[in-house]
>>> print(open('model_16.cif').read())   # mmCIF, C-alpha atoms
data_target
loop_
_atom_site.label_atom_id
_atom_site.label_comp_id
_atom_site.auth_asym_id
_atom_site.auth_seq_id
_atom_site.Cartn_x
_atom_site.Cartn_y
_atom_site.Cartn_z
CA SER A 272 45.42 52.45 106.53
CA VAL A 273 47.78 54.24 108.90
CA PRO A 274 46.16 56.37 111.63
CA PRO A 275 47.16 60.05 111.73
CA PRO A 276 49.64 61.28 114.34
CA ALA A 277 48.35 62.52 117.67
CA GLY A 278 46.62 65.85 117.36
CA PHE A 279 45.70 65.40 113.68
CA THR A 280 42.77 63.98 111.74
CA PRO A 281 42.76 62.29 108.31
CA ASP A 282 41.39 65.52 106.82
CA ASP A 283 44.64 67.27 107.77
CA PHE A 284 46.49 65.27 105.12
CA GLY A 285 46.15 65.15 101.36
CA ILE A 286 47.27 66.77 98.16
CA ALA A 287 45.92 70.29 97.87
CA THR A 288 44.32 71.41 94.63
CA LEU A 289 45.70 74.39 92.76
CA ASP A 290 42.60 76.37 93.64
CA GLN A 291 43.05 75.61 97.35
CA ILE A 292 46.66 76.78 97.21
CA VAL A 293 45.85 79.99 95.37
CA THR A 294 43.01 80.72 97.80
CA ALA A 295 45.19 80.10 100.83
CA LEU A 296 48.18 82.03 99.46
CA PRO A 297 46.70 84.79 97.32
CA ASN A 298 49.78 87.01 97.22
CA LYS A 299 52.36 84.45 96.15
CA ARG A 300 53.79 83.51 92.79
CA TYR A 301 53.36 79.99 91.45
CA ASN A 302 55.52 77.59 89.49
CA VAL A 303 53.21 75.04 87.87
CA GLU A 304 54.17 71.96 85.86
CA ILE A 305 51.71 70.65 83.27
CA LYS A 306 51.56 66.87 83.56
CA ASP A 307 48.44 65.94 81.60
CA GLY A 308 49.13 67.07 78.07
CA MET A 309 47.27 69.52 75.87
CA ALA A 310 44.10 69.29 77.91
CA GLY A 311 46.04 70.29 80.99
CA ALA A 312 47.60 73.20 79.13
CA ASP A 313 44.17 74.43 78.04
CA ALA A 314 42.76 74.12 81.56
CA LEU A 315 45.72 75.88 83.16
CA ALA A 316 45.65 78.72 80.63
CA ALA A 317 41.97 79.29 81.38
CA TYR A 318 42.60 79.17 85.13
CA ILE A 319 45.46 81.67 84.94
CA ALA A 320 43.33 84.00 82.84
CA ASP A 321 40.90 84.12 85.77
CA HIS A 322 43.60 84.33 88.46
CA GLY A 323 46.12 86.83 87.11
CA PRO A 324 48.17 88.82 86.75
CA ALA A 325 50.02 86.64 84.31
CA ASP A 326 53.45 87.43 85.76
CA ARG A 327 52.58 85.82 89.09
CA TRP A 328 52.88 82.47 87.30
CA VAL A 329 55.67 80.39 85.78
CA VAL A 330 54.59 77.37 83.76
CA VAL A 331 56.69 74.41 82.64
CA SER A 332 56.26 70.93 81.20
CA PHE A 333 58.70 68.19 80.24
CA ASP A 334 56.86 67.98 76.91
CA SER A 335 58.11 70.66 74.52
CA ALA A 336 55.04 70.34 72.29
CA VAL A 337 52.78 71.00 75.28
CA MET A 338 54.81 74.08 76.15
CA GLU A 339 54.62 75.41 72.60
CA HIS A 340 50.84 74.93 72.72
CA PHE A 341 50.58 76.66 76.09
CA ARG A 342 52.65 79.59 74.82
CA SER A 343 50.34 79.95 71.83
CA ILE A 344 47.24 80.28 74.02
CA ALA A 345 48.77 82.18 76.96
CA PRO A 346 51.58 84.28 75.47
CA SER A 347 51.79 86.68 78.41
CA VAL A 348 52.53 83.97 81.00
CA PRO A 349 56.25 83.42 81.79
CA VAL A 350 57.29 79.92 80.79
CA ALA A 351 60.20 77.48 80.84
CA PRO A 352 60.83 75.13 77.89
CA GLY A 353 60.40 71.38 77.75
CA VAL A 354 63.20 68.82 77.69
CA ASP A 355 63.79 68.80 73.92
CA THR A 356 64.05 72.58 73.76
CA VAL A 357 66.32 72.73 76.81
CA THR A 358 68.55 70.06 75.28
CA GLN A 359 68.89 72.06 72.07
CA TRP A 360 69.67 75.20 74.04
CA PHE A 361 72.26 73.35 76.11
CA GLY A 362 74.23 72.68 72.95
CA ALA A 363 73.65 75.94 71.10
CA ARG A 364 73.19 78.51 73.90
CA GLY A 365 72.13 82.00 72.84
CA PRO A 366 68.63 83.53 72.76
CA LEU A 367 65.52 81.47 73.43
CA PRO A 368 62.64 83.66 72.23
CA GLY A 369 59.40 83.35 74.14
CA TYR A 370 60.93 81.82 77.26
CA SER A 371 61.90 83.46 80.55
CA TYR A 372 63.28 80.55 82.57
CA LEU A 373 65.25 77.34 82.35
CA GLU A 374 64.22 74.64 84.83
CA VAL A 375 66.86 71.93 84.99
CA PRO A 376 68.44 69.39 87.36
CA PRO A 377 71.98 69.87 88.70
CA VAL A 378 73.08 66.79 86.75
CA TYR A 379 71.46 64.60 84.13
CA GLY A 380 72.96 61.15 84.00
CA ALA A 381 76.71 61.69 83.70
CA ILE A 382 76.30 65.28 82.47
CA GLU A 383 76.79 68.17 84.87
CA VAL A 384 74.07 70.55 83.73
CA VAL A 385 74.28 73.52 86.08
CA THR A 386 77.74 75.06 86.02
CA PRO A 387 78.91 78.65 86.40
CA GLN A 388 79.19 78.86 82.60
CA PHE A 389 75.67 77.47 82.15
CA VAL A 390 74.22 80.07 84.52
CA ALA A 391 76.24 82.86 82.90
CA ASP A 392 75.09 81.82 79.43
CA ALA A 393 71.48 81.67 80.62
CA HIS A 394 71.70 85.14 82.13
CA ALA A 395 73.29 86.48 78.95
CA ALA A 396 70.30 85.12 77.06
CA GLY A 397 67.86 86.75 79.49
CA LEU A 398 66.92 83.45 81.14
CA LYS A 399 66.62 82.78 84.86
CA VAL A 400 67.70 79.37 86.12
CA TRP A 401 65.60 77.29 88.48
CA VAL A 402 66.93 73.94 89.64
CA TRP A 403 64.90 70.84 90.45
CA PHE A 404 66.49 67.87 92.12
CA ASN A 405 66.82 64.23 91.12
CA GLY A 406 66.10 63.04 94.66
CA ALA A 407 67.33 63.19 98.22
CA ASP A 408 70.97 62.70 97.28
CA ASP A 409 71.39 66.06 95.59
CA ASP A 410 68.69 68.00 97.46
CA VAL A 411 71.15 68.80 100.26
CA PRO A 412 72.79 71.91 101.78
CA ALA A 413 76.15 71.52 100.05
CA VAL A 414 74.43 71.48 96.65
CA TRP A 415 72.10 74.35 97.56
CA GLU A 416 75.06 76.50 98.58
CA ARG A 417 76.96 75.70 95.40
CA LEU A 418 73.99 76.47 93.16
CA LEU A 419 73.07 79.67 94.95
CA ALA A 420 76.68 80.85 94.72
CA MET A 421 76.45 80.42 90.93
CA GLY A 422 73.46 82.76 90.83
CA VAL A 423 70.56 80.38 90.25
CA TYR A 424 67.21 82.08 90.66
CA GLY A 425 65.29 79.40 92.55
CA LEU A 426 65.43 75.95 94.12
CA ASP A 427 62.60 73.48 93.60
CA THR A 428 63.45 71.69 96.82
CA ALA A 429 61.51 69.08 98.75
CA ARG A 430 63.03 70.52 101.93
CA PRO A 431 61.99 74.19 101.96
CA ALA A 432 62.31 74.71 105.72
CA ALA A 433 65.86 73.34 105.74
CA ALA A 434 66.79 75.37 102.66
CA GLU A 435 65.42 78.65 103.99
CA PRO A 436 68.53 79.83 105.91
CA TYR A 437 70.77 79.05 102.94
CA ILE A 438 68.51 81.06 100.65
CA ALA A 439 68.42 83.93 103.15
CA ALA A 440 72.22 83.95 103.31
CA ALA A 441 72.48 83.97 99.51
CA ASN A 442 69.97 86.80 99.24
CA ALA A 443 71.89 88.81 101.85
CA ALA A 444 75.14 88.30 99.95
CA ARG A 445 73.53 89.39 96.69
CA ALA A 446 71.98 92.41 98.37
CA ALA A 447 75.37 93.43 99.76
CA ALA A 448 76.99 92.97 96.35
CA ALA A 449 74.25 95.00 94.65
CA SER A 450 74.62 97.78 97.21
CA THR A 451 78.39 97.87 96.82
CA THR A 452 78.17 97.89 93.04
CA THR A 453 75.60 100.68 93.04
CA THR A 454 77.63 102.80 95.43
CA VAL A 455 80.90 102.39 93.55
CA ALA A 456 79.17 103.41 90.35
CA THR A 457 77.74 106.59 91.84
CA SER A 458 80.13 107.69 94.57
CA PRO A 459 83.68 106.98 95.75
CA GLY A 460 82.51 107.00 99.37
CA PRO A 461 81.39 104.10 101.58
CA ALA A 462 78.26 102.17 100.77
CA THR A 463 75.18 104.07 101.90
CA LEU A 464 72.47 102.90 99.54
CA PRO A 465 70.03 100.09 100.32
CA ALA A 466 70.26 96.96 98.23
CA THR A 467 67.79 97.06 95.37
CA GLY A 468 66.97 95.19 92.20
CA ARG A 469 67.62 91.56 91.46
CA SER A 470 68.30 90.41 95.01
CA GLU A 471 64.87 91.62 96.12
CA GLU A 472 63.29 90.01 93.06
CA HIS A 473 65.13 86.79 93.91
CA THR A 474 63.79 86.88 97.47
CA SER A 475 60.25 87.34 96.22
CA GLU A 476 60.61 84.49 93.77
CA LEU A 477 62.00 82.09 96.33
CA GLN A 478 59.35 83.02 98.85
CA SER A 479 56.74 82.31 96.20
CA ARG A 480 58.02 78.76 96.06
CA GLY A 481 57.25 78.46 99.77
CA LEU A 482 60.88 78.82 100.82
#
>>> encode(input="model_16.cif", output="structure tokens")
Amino acid sequence: SVPPPAGFTPDDFGIATLDQIVTALPNKRYNVEIKDGMAGADALAAYIADHGPADRWVVVSFDSAVMEHFRSIAPSVPVAPGVDTVTQWFGARGPLPGYSYLEVPPVYGAIEVVTPQFVADAHAAGLKVWVWFNGADDDVPAVWERLLAMGVYGLDTARPAAAEPYIAAANAARAAAASTTTTVATSPGPATLPATGRSEEHTSELQSRGL
């Protein structure tokens, strides 16, 4: 085994349980992926029922059947669809009843998934876009900036501290745009209203991811 760095003990390292995270960060929102099938869906639904409200959670799984099962037992919890459902939506676009989010990579093989049109189509269908990364090659500032400029809702990054200033800049730009839009709609004078609405929601969501 490798000894811990100076100033740390072995107990300082490990994978936290969901309960430990929720206890340590009681006022955050959580994006949870089900990785152990129907049993995991049942266990997570029961846990969320005891640790609500439901809208502090977003649940996803690669397995579309697992997600359909989870939706059937926890219909009030916001969810993102599995791979098969996302693939069908990618071709058809339009409404996706029962789902609130799409969680996708920037690219999948040779296919560019997240484009301005993709994000616009998702928003038109009432879906928020979160992006997870294929690895270190695309989890980088240039990609973060490009995605945030498109209007993606969140970044599932392995580098939250590095991403934080880029997210803050994107939130500030959205807040300024929201303020300008609101002012133009209500008054011909200079912007005097504080930014409200989606940019604040976006900030909350990104902070909930630990960013």
>>> closest_residue(input="model_16.cif", among="A:Gly278, A:Gly311, A:Gly422, A:Gly380", to="Lys399 (chain A)", atoms="only C-alpha atoms")
A:Gly422
>>> closest_residue(input="model_16.cif", among="A:Pro274, A:Gly308, A:Arg300, A:His340", to="Asp326 (chain A)", atoms="only C-alpha atoms")
A:Arg300
>>> residues_around(input="model_16.cif", residues="Thr386 (chain A)", least_positions_apart="4", cutoff="12 Å", atoms="only C-alpha atoms", output="VMD selection string")
chain A and resid 361 375 to 378 382 390 to 393 400 402 414 417 to 423
>>> atom_distance(input="model_16.cif", atom1="CA of Val411 (chain A)", atom2="CA of Ala443 (chain A)")
20.1 Å
>>> resolve_selection(input="model_16.cif", expression="the PyMOL selection byres ((chain A and resi 304) around 7)", output="list in words")
Asn302, Val303, Ile305, Lys306, Val330, Val331 and Ser332 of chain A
>>> closest_residue(input="model_16.cif", among="A:Ala432, A:Ala441, A:Val354, A:Ala413", to="Asp334 (chain A)", atoms="only C-alpha atoms")
A:Val354
